Amino acid sequence: GWVVQNLLKQRRRPMTKPARQQLIVSTLQWWLAPVCGYCNGTGFVEALIEGTDEGAGRLTTAACSGCHGSGRRPLQREVPPPLYPTARWITAELDRLVALIHNDMAKLLGQRLDF
C-alpha cells in the first residue's frame, strides 16, 4: 500500500503487483545487507601479501571500484533506473520507522533504568 500511495502522490505510473513486490524485495535485501561485496565494507582495495593464505592481506589507499570508497554497494545496482526514486523512498521510510522504534525503546528503557 505504501508504494502505491507514494507512486500516486508523485504522479508516477502505477506498477503491477509482481513488479512492486520485486522492487520491495530487492530494496529490502539491499537495506538489510548494503555492504560492498568487493571490499567487504572497507571501501579500499585489498593487496594480497605474498606467502600468506588467500584473503589475508592489507588495505591499500586505492578506493574500491565497486563502491567508490563508500563501503556500501550502490542501491542503483539493485533496481532498474526508473524505479530508483521509489526504492530510495522505501529505504528512507524504513530508516524513519527504525528511528521511531529506537526512540520509543530508549524512552521506555530510560524510564525503567536510573542513569
# chains A, B, ... in the order shown; residues from 1 in each chain; ligands from 1
$ select_by_dssp --residues "chain A" --states "helix (DSSP H, G or I)" --output "PyMOL selection string"
chain A and resi 2-9+17-32+75-77+81-112
$ residues_around --residues "region 81-95 of chain A" --least-positions-apart "4" --cutoff "7 Å" --atoms "only C-alpha atoms" --output "short mmCIF file (atom, residue, chain, number, x, y, z; two decimals) with N, CA, C and O atoms, in the first residue's frame"
data_model
loop_
_atom_site.label_atom_id
_atom_site.label_comp_id
_atom_site.auth_asym_id
_atom_site.auth_seq_id
_atom_site.Cartn_x
_atom_site.Cartn_y
_atom_site.Cartn_z
N LEU A 23 10.36 -5.04 -6.50
CA LEU A 23 11.04 -3.81 -6.08
C LEU A 23 11.23 -3.82 -4.56
O LEU A 23 12.32 -3.51 -4.06
N THR A 27 14.82 -4.02 -2.67
CA THR A 27 15.18 -2.90 -1.80
C THR A 27 15.43 -3.38 -0.38
O THR A 27 16.40 -2.95 0.25
N TRP A 31 18.76 -3.05 1.82
CA TRP A 31 18.68 -2.32 3.09
C TRP A 31 19.21 -3.17 4.24
O TRP A 31 19.88 -2.66 5.13
N GLN A 76 21.52 1.70 -6.74
CA GLN A 76 21.23 1.76 -8.17
C GLN A 76 21.51 0.44 -8.88
O GLN A 76 20.93 0.17 -9.92
N ALA A 99 14.09 4.52 13.29
CA ALA A 99 14.41 5.61 14.22
C ALA A 99 13.29 5.83 15.22
O ALA A 99 13.55 6.05 16.42
#
$ select_by_dssp --residues "chain A" --states "strand (DSSP E)" --output "VMD selection string"
chain A and resid 44 to 48 57 to 63
$ closest_residue --among "A:Gly1, A:Pro74, A:Gly110, A:Gly69" --to "Ile24 (chain A)" --atoms "only C-alpha atoms"
A:Gly1
$ closest_residue --among "A:Arg72, A:Arg96, A:Arg112, A:Lys107" --to "Gly37 (chain A)" --atoms "only C-alpha atoms"
A:Arg72
$ residues_around --residues "Ala62 (chain A)" --least-positions-apart "2" --cutoff "7 Å" --atoms "only C-alpha atoms" --output "number ranges by chain"
A: 44-45, 60, 64
$ closest_residue --among "A:Cys67, A:Ala47, A:Val3, A:Leu113" --to "Gln22 (chain A)" --atoms "only C-alpha atoms"
A:Val3
$ atom_distance --atom1 "CA of Lys17 (chain A)" --atom2 "CA of Pro80 (chain A)"
16.2 Å
$ decode --residues "region 24-81 of chain A" --atoms "C-alpha atoms" --output "PDB file, in the first residue's frame"
ATOM      1  CA  ILE A  24      10.272  -4.188  -2.371  1.00  0.00           C
ATOM      2  CA  VAL A  25      12.192  -7.462  -2.071  1.00  0.00           C
ATOM      3  CA  SER A  26      15.244  -6.067  -3.887  1.00  0.00           C
ATOM      4  CA  THR A  27      15.183  -2.901  -1.802  1.00  0.00           C
ATOM      5  CA  LEU A  28      14.796  -4.798   1.482  1.00  0.00           C
ATOM      6  CA  GLN A  29      17.657  -7.133   0.591  1.00  0.00           C
ATOM      7  CA  TRP A  30      19.874  -4.112  -0.059  1.00  0.00           C
ATOM      8  CA  TRP A  31      18.679  -2.324   3.087  1.00  0.00           C
ATOM      9  CA  LEU A  32      19.395  -5.354   5.289  1.00  0.00           C
ATOM     10  CA  ALA A  33      22.858  -6.013   3.814  1.00  0.00           C
ATOM     11  CA  PRO A  34      24.245  -2.981   1.954  1.00  0.00           C
ATOM     12  CA  VAL A  35      27.914  -3.901   2.431  1.00  0.00           C
ATOM     13  CA  CYS A  36      30.008  -3.941  -0.750  1.00  0.00           C
ATOM     14  CA  GLY A  37      30.965  -7.491  -1.668  1.00  0.00           C
ATOM     15  CA  TYR A  38      34.186  -6.446  -3.383  1.00  0.00           C
ATOM     16  CA  CYS A  39      35.819  -4.726  -0.398  1.00  0.00           C
ATOM     17  CA  ASN A  40      33.724  -6.236   2.427  1.00  0.00           C
ATOM     18  CA  GLY A  41      32.709  -2.759   3.523  1.00  0.00           C
ATOM     19  CA  THR A  42      36.197  -1.307   3.971  1.00  0.00           C
ATOM     20  CA  GLY A  43      35.932   0.984   0.960  1.00  0.00           C
ATOM     21  CA  PHE A  44      39.501   0.174  -0.115  1.00  0.00           C
ATOM     22  CA  VAL A  45      41.195  -2.334  -2.364  1.00  0.00           C
ATOM     23  CA  GLU A  46      42.956  -5.146  -0.540  1.00  0.00           C
ATOM     24  CA  ALA A  47      46.501  -6.072  -1.576  1.00  0.00           C
ATOM     25  CA  LEU A  48      47.367  -9.704  -1.050  1.00  0.00           C
ATOM     26  CA  ILE A  49      50.594 -10.380   0.777  1.00  0.00           C
ATOM     27  CA  GLU A  50      52.774 -12.984  -0.893  1.00  0.00           C
ATOM     28  CA  GLY A  51      53.227 -16.199   1.035  1.00  0.00           C
ATOM     29  CA  THR A  52      50.002 -15.869   3.033  1.00  0.00           C
ATOM     30  CA  ASP A  53      46.658 -17.578   2.746  1.00  0.00           C
ATOM     31  CA  GLU A  54      44.176 -16.274   0.238  1.00  0.00           C
ATOM     32  CA  GLY A  55      42.146 -13.490   1.820  1.00  0.00           C
ATOM     33  CA  ALA A  56      44.991 -12.379   4.056  1.00  0.00           C
ATOM     34  CA  GLY A  57      46.248  -9.004   3.018  1.00  0.00           C
ATOM     35  CA  ARG A  58      46.400  -5.358   3.798  1.00  0.00           C
ATOM     36  CA  LEU A  59      44.365  -2.440   2.593  1.00  0.00           C
ATOM     37  CA  THR A  60      45.739  -0.069   0.020  1.00  0.00           C
ATOM     38  CA  THR A  61      44.939   3.619  -0.311  1.00  0.00           C
ATOM     39  CA  ALA A  62      43.024   2.931  -3.547  1.00  0.00           C
ATOM     40  CA  ALA A  63      39.246   3.292  -3.278  1.00  0.00           C
ATOM     41  CA  CYS A  64      37.206   0.223  -4.143  1.00  0.00           C
ATOM     42  CA  SER A  65      35.906   0.467  -7.709  1.00  0.00           C
ATOM     43  CA  GLY A  66      32.712  -1.374  -6.758  1.00  0.00           C
ATOM     44  CA  CYS A  67      31.505   1.142  -4.170  1.00  0.00           C
ATOM     45  CA  HIS A  68      33.814   4.094  -4.931  1.00  0.00           C
ATOM     46  CA  GLY A  69      35.127   4.041  -1.376  1.00  0.00           C
ATOM     47  CA  SER A  70      31.790   4.137   0.457  1.00  0.00           C
ATOM     48  CA  GLY A  71      31.881   0.537   1.685  1.00  0.00           C
ATOM     49  CA  ARG A  72      28.261   0.116   0.596  1.00  0.00           C
ATOM     50  CA  ARG A  73      27.052  -1.334  -2.666  1.00  0.00           C
ATOM     51  CA  PRO A  74      25.034   1.231  -4.580  1.00  0.00           C
ATOM     52  CA  LEU A  75      21.268   0.821  -4.479  1.00  0.00           C
ATOM     53  CA  GLN A  76      21.231   1.763  -8.173  1.00  0.00           C
ATOM     54  CA  ARG A  77      22.698  -1.669  -8.961  1.00  0.00           C
ATOM     55  CA  GLU A  78      19.820  -3.444  -7.281  1.00  0.00           C
ATOM     56  CA  VAL A  79      16.886  -1.758  -9.010  1.00  0.00           C
ATOM     57  CA  PRO A  80      16.227  -0.526 -12.550  1.00  0.00           C
ATOM     58  CA  PRO A  81      16.917   3.215 -13.061  1.00  0.00           C
TER      59      PRO A  81
END
